[in-house]
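Dropping work.pdb in here (PDB, C-alpha atoms and all ligand atoms):
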```
ATOM      1  CA  MET N   7      51.694 -41.772  19.372
ATOM      2  CA  GLU N   8      48.715 -43.191  17.489
ATOM      3  CA  GLN N   9      50.268 -41.972  14.251
ATOM      4  CA  GLN N  10      53.667 -43.412  15.082
ATOM      5  CA  ILE N  11      52.185 -46.854  15.568
ATOM      6  CA  ALA N  12      50.331 -46.625  12.270
ATOM      7  CA  ASP N  13      53.517 -45.560  10.510
ATOM      8  CA  LEU N  14      55.442 -48.393  12.049
ATOM      9  CA  LEU N  15      52.888 -50.915  10.873
ATOM     10  CA  ASP N  16      52.886 -49.430   7.386
ATOM     11  CA  GLU N  17      56.621 -49.515   7.235
ATOM     12  CA  GLN N  18      57.154 -52.979   8.614
ATOM     13  CA  GLU N  19      55.060 -56.060   8.195
ATOM     14  CA  GLU N  20      53.202 -57.299  11.204
ATOM     15  CA  LEU N  21      53.075 -60.699  12.724
ATOM     16  CA  ASP N  22      50.100 -61.646  14.784
ATOM     17  CA  LEU N  23      51.053 -63.270  18.013
ATOM     18  CA  PRO N  24      49.000 -66.026  19.582
ATOM     19  CA  GLN N  25      46.114 -64.635  21.587
ATOM     20  CA  GLU N  26      47.629 -65.212  25.029
ATOM     21  CA  GLN N  27      50.794 -63.373  24.096
ATOM     22  CA  LEU N  28      48.812 -60.545  22.578
ATOM     23  CA  GLU N  29      46.823 -60.097  25.715
ATOM     24  CA  ALA N  30      49.927 -60.009  27.827
ATOM     25  CA  ALA N  31      51.434 -57.365  25.547
ATOM     26  CA  GLU N  32      48.279 -55.379  25.051
ATOM     27  CA  GLY N  33      47.726 -52.014  26.719
ATOM     28  CA  GLU N  34      44.085 -53.028  27.256
ATOM     29  CA  SER N  35      42.420 -49.816  26.224
ATOM     30  CA  GLU N  36      39.305 -50.852  24.400
ATOM     31  CA  GLU N  37      36.083 -49.176  23.540
ATOM     32  CA  GLU N  38      33.073 -50.895  22.181
ATOM     33  CA  SER N  39      30.151 -49.331  20.445
ATOM     34  CA  GLU N  40      27.058 -50.568  18.752
ATOM     35  CA  GLU N  41      25.276 -48.519  16.157
ATOM     36  CA  GLU N  42      21.612 -48.721  15.438
ATOM     37  CA  SER N  43      20.126 -46.727  12.567
ATOM     38  CA  SER N  44      16.747 -45.010  12.597
ATOM     39  CA  GLN N  45      15.379 -47.896  10.516
ATOM     40  CA  GLY N  46      16.353 -50.258  13.268
ATOM     41  CA  GLU N  47      19.115 -51.909  11.263
ATOM     42  CA  LYS N  48      21.886 -53.297  13.356
ATOM     43  CA  PHE N  49      25.480 -52.695  12.412
ATOM     44  CA  PRO N  50      28.365 -54.773  13.681
ATOM     45  CA  LYS N  51      30.072 -53.636  16.809
ATOM     46  CA  THR N  52      33.261 -51.735  16.346
ATOM     47  CA  ARG N  53      36.064 -52.218  18.725
ATOM     48  CA  ALA N  54      39.115 -50.069  19.180
ATOM     49  CA  ALA N  55      42.091 -51.830  20.642
ATOM     50  CA  ARG N  56      45.701 -50.912  20.943
ATOM     51  CA  ILE N  57      47.781 -53.960  20.246
ATOM     52  CA  GLN N  58      51.474 -54.512  20.470
ATOM     53  CA  ARG N  59      52.711 -56.685  17.658
ATOM     54  CA  LEU N  60      55.965 -58.415  16.954
ATOM     55  CA  VAL N  61      57.374 -56.557  13.981
ATOM     56  CA  ARG N  62      59.734 -58.123  11.545
ATOM     57  CA  ASP N  63      62.066 -56.854   8.913
ATOM     58  CA  ALA N  64      59.926 -55.980   5.893
ATOM     59  CA  ALA N  65      62.965 -56.075   3.606
ATOM     60  CA  VAL N  66      63.361 -59.839   3.966
ATOM     61  CA  SER N  67      59.811 -60.560   2.816
ATOM     62  CA  ARG N  68      59.944 -57.879   0.154
ATOM     63  CA  ASN N  69      63.111 -59.291  -1.381
ATOM     64  CA  VAL N  70      61.615 -62.763  -1.649
ATOM     65  CA  LYS N  71      58.294 -61.472  -3.018
ATOM     66  CA  ASP N  72      60.111 -59.297  -5.571
ATOM     67  CA  LEU N  73      62.253 -62.208  -6.685
ATOM     68  CA  TYR N  74      59.122 -64.139  -7.681
ATOM     69  CA  GLY N  75      57.231 -61.090  -8.944
ATOM     70  CA  GLY N  76      54.435 -61.995  -6.546
ATOM     71  CA  GLU N  77      53.958 -65.472  -8.005
ATOM     72  CA  CYS N  78      53.064 -68.098  -5.413
ATOM     73  CA  GLN N  79      55.791 -70.715  -5.036
ATOM     74  CA  ALA N  80      53.266 -73.376  -4.090
ATOM     75  CA  CYS N  81      50.431 -72.930  -6.601
ATOM     76  CA  GLY N  82      51.730 -70.494  -9.219
ATOM     77  CA  LEU N  83      48.957 -67.940  -8.688
ATOM     78  CA  ARG N  84      49.901 -64.321  -9.268
ATOM     79  CA  LEU N  85      47.240 -62.216  -7.641
ATOM     80  CA  VAL N  86      47.125 -58.699  -9.112
ATOM     81  CA  GLY N  87      45.140 -55.756  -7.776
ATOM     82  CA  PRO N  88      43.334 -53.170  -9.921
ATOM     83  CA  ASP N  89      46.425 -50.962  -9.675
ATOM     84  CA  GLY N  90      48.376 -53.674 -11.477
ATOM     85  CA  ARG N  91      50.495 -54.465  -8.451
ATOM     86  CA  PRO N  92      50.876 -58.101  -7.421
ATOM     87  CA  TYR N  93      49.783 -59.149  -3.945
ATOM     88  CA  SER N  94      51.650 -61.948  -2.239
ATOM     89  CA  GLU N  95      52.785 -62.729   1.267
ATOM     90  CA  GLY N  96      56.142 -63.540   2.799
ATOM     91  CA  ALA N  97      55.526 -66.807   4.645
ATOM     92  CA  HIS N  98      57.929 -68.113   7.264
ATOM     93  CA  ILE N  99      58.474 -71.858   6.977
ATOM     94  CA  ARG N 100      59.653 -72.191  10.562
ATOM     95  CA  PRO N 101      57.361 -69.713  12.335
ATOM     96  CA  LEU N 102      58.871 -66.705  14.110
ATOM     97  CA  GLY N 103      56.847 -66.789  17.313
ATOM     98  CA  LYS N 104      57.113 -69.121  20.272
ATOM     99  CA  PRO N 105      57.640 -72.029  20.531
ATOM    100  CA  HIS N 106      59.223 -72.197  17.069
ATOM    101  CA  CYS N 107      61.488 -69.148  17.168
ATOM    102  CA  GLY N 108      62.338 -69.401  13.467
ATOM    103  CA  PRO N 109      64.687 -66.805  12.005
ATOM    104  CA  ASP N 110      63.564 -63.889   9.858
ATOM    105  CA  VAL N 111      65.911 -64.656   6.962
ATOM    106  CA  GLU N 112      65.350 -65.301   3.261
ATOM    107  CA  PRO N 113      66.122 -69.051   3.419
ATOM    108  CA  ASN N 114      63.169 -69.334   5.843
ATOM    109  CA  VAL N 115      60.726 -67.240   3.802
ATOM    110  CA  LEU N 116      58.541 -68.225   0.843
ATOM    111  CA  CYS N 117      56.544 -66.029  -1.511
ATOM    112  CA  LEU N 118      53.014 -67.412  -1.228
ATOM    113  CA  CYS N 119      49.478 -66.399  -2.108
ATOM    114  CA  PRO N 120      47.211 -65.903   0.943
ATOM    115  CA  ASN N 121      45.638 -69.366   0.561
ATOM    116  CA  CYS N 122      48.937 -71.177   0.377
ATOM    117  CA  HIS N 123      50.272 -69.092   3.271
ATOM    118  CA  VAL N 124      47.418 -70.414   5.402
ATOM    119  CA  ARG N 125      47.925 -73.928   4.058
ATOM    120  CA  LEU N 126      51.545 -73.783   5.181
ATOM    121  CA  ASP N 127      50.710 -72.249   8.561
ATOM    122  CA  ILE N 128      48.103 -74.877   9.467
ATOM    123  CA  GLY N 129      50.131 -77.783   8.125
ATOM    124  CA  ALA N 130      47.705 -78.534   5.287
ATOM    125  CA  ILE N 131      50.768 -78.683   3.040
ATOM    126  CA  ILE N 132      54.219 -79.875   3.888
ATOM    127  CA  ILE N 133      57.342 -79.951   1.734
ATOM    128  CA  GLU N 134      59.576 -82.951   1.171
ATOM    129  CA  ASP N 135      63.368 -82.843   0.894
ATOM    130  CA  ASP N 136      63.061 -83.020  -2.907
ATOM    131  CA  TRP N 137      60.715 -79.971  -2.739
ATOM    132  CA  SER N 138      57.616 -82.018  -3.501
ATOM    133  CA  ILE N 139      54.527 -80.465  -1.979
ATOM    134  CA  ILE N 140      52.360 -82.907  -0.061
ATOM    135  CA  VAL N 141      48.729 -81.922   0.449
ATOM    136  CA  ARG N 142      47.729 -83.451   3.777
ATOM    137  CA  ALA N 143      44.151 -82.311   4.066
ATOM    138  CA  GLY N 144      41.477 -83.251   1.586
ATOM    139  CA  GLU N 145      40.397 -80.141  -0.283
ATOM    140  CA  LEU N 146      38.445 -79.328  -3.406
ATOM    141  CA  GLY N 147      39.917 -76.928  -5.900
ATOM    142  CA  GLY N 148      43.310 -76.936  -4.243
ATOM    143  CA  ASN N 149      45.786 -76.815  -7.073
ATOM    144  CA  VAL N 150      49.226 -76.854  -5.566
ATOM    145  CA  LEU N 151      52.217 -77.569  -7.756
ATOM    146  CA  SER N 152      53.883 -80.961  -7.534
ATOM    147  CA  LYS N 153      57.084 -79.233  -6.463
ATOM    148  CA  LEU N 154      57.851 -75.956  -4.775
ATOM    149  CA  LYS N 155      58.966 -73.355  -7.290
ATOM    150  CA  ARG N 156      62.395 -72.006  -6.437
ATOM    151  CA  LYS N 157      64.628 -69.429  -8.102
ATOM    152  CA  LYS N 158      68.309 -70.223  -7.997
ATOM    153  CA  GLU N 159      69.005 -66.976  -6.113
ATOM    154  CA  HIS N 160      66.646 -68.079  -3.346
ATOM    155  CA  HIS N 161      68.333 -70.617  -1.123
ATOM    156  CA  VAL N 162      65.380 -72.061   0.760
ATOM    157  CA  HIS N 163      66.939 -74.032   3.578
ATOM    158  CA  LEU N 164      65.950 -77.649   4.096
ATOM    159  CA  ASP N 165      66.424 -77.331   7.860
ATOM    160  CA  TYR N 166      63.341 -75.115   8.024
ATOM    161  CA  VAL N 167      61.383 -77.308   5.653
ATOM    162  CA  ARG N 168      62.219 -80.334   7.819
ATOM    163  CA  TYR N 169      61.334 -78.512  10.994
ATOM    164  CA  HIS N 170      57.954 -77.573   9.551
ATOM    165  CA  ARG N 171      57.325 -81.086   8.255
ATOM    166  CA  GLU N 172      58.310 -82.831  11.463
ATOM    167  CA  TRP N 173      56.282 -80.435  13.576
ATOM    168  CA  TRP N 174      53.127 -81.123  11.600
ATOM    169  CA  LEU N 175      53.669 -84.838  11.123
ATOM    170  CA  GLU N 176      54.008 -85.220  14.877
ATOM    171  CA  LYS N 177      50.748 -83.408  15.371
ATOM    172  CA  GLY N 178      48.869 -85.808  13.141
ATOM    173  CA  ASP N 179      46.448 -85.343  10.270
ATOM    174  CA  PRO N 180      44.966 -81.809  10.193
ATOM    175  CA  SER N 181      41.805 -83.062   8.485
ATOM    176  CA  GLN N 182      41.043 -85.175  11.559
ATOM    177  CA  GLU N 183      40.958 -82.236  13.952
TER     178      GLU N 183
HETATM  179 ZN    ZN N 201      49.325 -70.298  -3.733
END
```

Would you give me this structure, written as structure tokens?
Amino acid sequence: MEQQIADLLDEQEELDLPQEQLEAAEGESEEESEEESSQGEKFPKTRAARIQRLVRDAAVSRNVKDLYGGECQACGLRLVGPDGRPYSEGAHIRPLGKPHCGPDVEPNVLCLCPNCHVRLDIGAIIIEDDWSIIVRAGELGGNVLSKLKRKKEHHVHLDYVRYHREWWLEKGDPSQE
């Protein structure tokens, strides 16, 4: 069983649910331990938890990431590991979980670096109808492109971009939170 879960997570990308939903779905079997060495050094607690996650179709994200060769559509960064493979993330514009219930389809997915993925998820960037990227929170060293990079084969849908924008504009300025 343990192994099956691990395989499933390897095979398909995971989506973390909000904490309340996780707890409701969780089997609640946790063990905590604290290690102390003979020299009296303290090591962080380890915690084993079995968590049920919403799984999504890995192929959708993979297709979008492959199309851009791992290059971030918002800042142009192409993060490459020591094995030469690019690392990028498939970011849903309209989020999958509640209350958004966005679809897991390519027009709703962007290829982003981890920073830009977070920027999108917290509303620090929003996208205009002309694909301009608006940085809403003051940040140093943030180097987003003036417009979202898009390949012609990737039909990013404006409905999702608008949903994301309206959601965050209604919530106000993230830098004021
Ligand atoms: Zn980026």

Handout entry: Who sits within 12 Å of Trp137 in chain N, all atoms listed in the file, same chain under 6 positions skipped, as an NGL selection string
Key = :N and (79-80 or 131 or 151-156 or 162-164 or 167-168 or 171)

Return as JSON the box centre and box size in Å, one decimal, for an axis-aligned box around all listed atoms of range 138-155 of chain N padded by 3 Å per side.
```
{"center_x": 48.7, "center_y": -78.4, "center_z": -1.8, "size_x": 26.5, "size_y": 16.1, "size_z": 17.8}
```

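Minimum distance to Val111 in chain N across N:Val124, N:Val70, N:Leu175, N:Ile133 (counting only C-alpha atoms) occurs at N:Val70.
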
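Residue membership of the PyMOL selection byres (((not hetatm)) within 7 of (chain N and resi 201)) in the shown file amounts to N:Cys78, N:Gln79, N:Ala80, N:Cys81, N:Gly82, N:Leu83, N:Leu118, N:Cys119, N:Pro120, N:Asn121, N:Cys122, N:Val150.
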
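In this comparison, which uses all atoms listed in the file, the residue of N:Gln45, N:Asp110, N:Val86, N:His98 approaching Ala65 in chain N most closely is N:Asp110.
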
I would like the residues chosen by the PyMOL selection byres (((chain N and resi 172) around 12) and not hetatm) on the shown file; could you give them as a JSON list (two decimals) with C-alpha atoms, in the coordinates of the input?
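File produced: result.json:
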```
[["chain", "number", "residue", "atom", "x", "y", "z"],
["N", 99, "ILE", "CA", 58.47, -71.86, 6.98],
["N", 100, "ARG", "CA", 59.65, -72.19, 10.56],
["N", 129, "GLY", "CA", 50.13, -77.78, 8.12],
["N", 132, "ILE", "CA", 54.22, -79.88, 3.89],
["N", 133, "ILE", "CA", 57.34, -79.95, 1.73],
["N", 134, "GLU", "CA", 59.58, -82.95, 1.17],
["N", 135, "ASP", "CA", 63.37, -82.84, 0.89],
["N", 164, "LEU", "CA", 65.95, -77.65, 4.10],
["N", 165, "ASP", "CA", 66.42, -77.33, 7.86],
["N", 166, "TYR", "CA", 63.34, -75.11, 8.02],
["N", 167, "VAL", "CA", 61.38, -77.31, 5.65],
["N", 168, "ARG", "CA", 62.22, -80.33, 7.82],
["N", 169, "TYR", "CA", 61.33, -78.51, 10.99],
["N", 170, "HIS", "CA", 57.95, -77.57, 9.55],
["N", 171, "ARG", "CA", 57.32, -81.09, 8.26],
["N", 173, "TRP", "CA", 56.28, -80.44, 13.58],
["N", 174, "TRP", "CA", 53.13, -81.12, 11.60],
["N", 175, "LEU", "CA", 53.67, -84.84, 11.12],
["N", 176, "GLU", "CA", 54.01, -85.22, 14.88],
["N", 177, "LYS", "CA", 50.75, -83.41, 15.37],
["N", 178, "GLY", "CA", 48.87, -85.81, 13.14]]
```

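CA of Leu85 in chain N is found 14.7 Å from CA of Asn149 in chain N.
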
Practice task
Please identify all polymer residues within 9 Å of His161 in chain N, counting all atoms listed in the file, omitting same-chain residues fewer than 4 positions from it, and present them as number ranges by chain.
Solution key: N: 112-114, 156-157

Fill in the blank from the handout: Of N:Arg91, N:Arg53, N:Lys48, N:Lys104, the one nearest to Lys71 in chain N when counting all atoms listed in the file is N:Arg91

Practice task
Record the distance separating CA of Glu95 in chain N and CA of Cys117 in chain N, expressed in Å with one decimal.
Solution key: 5.7 Å

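Going from CA of Glu77 in chain N over to CA of Ser94 in chain N, you cover 7.1 Å.
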
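For the choices N:Glu159, N:Arg84, N:Asp89, N:Leu116, the atom-to-atom distance to Pro101 in chain N is smallest for N:Leu116 when using all atoms listed in the file.
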
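Using only C-alpha atoms, the shortest contact distance between Leu126 in chain N and any of N:Ala54, N:Ala97, N:Leu73, N:Gly144 is found at N:Ala97.
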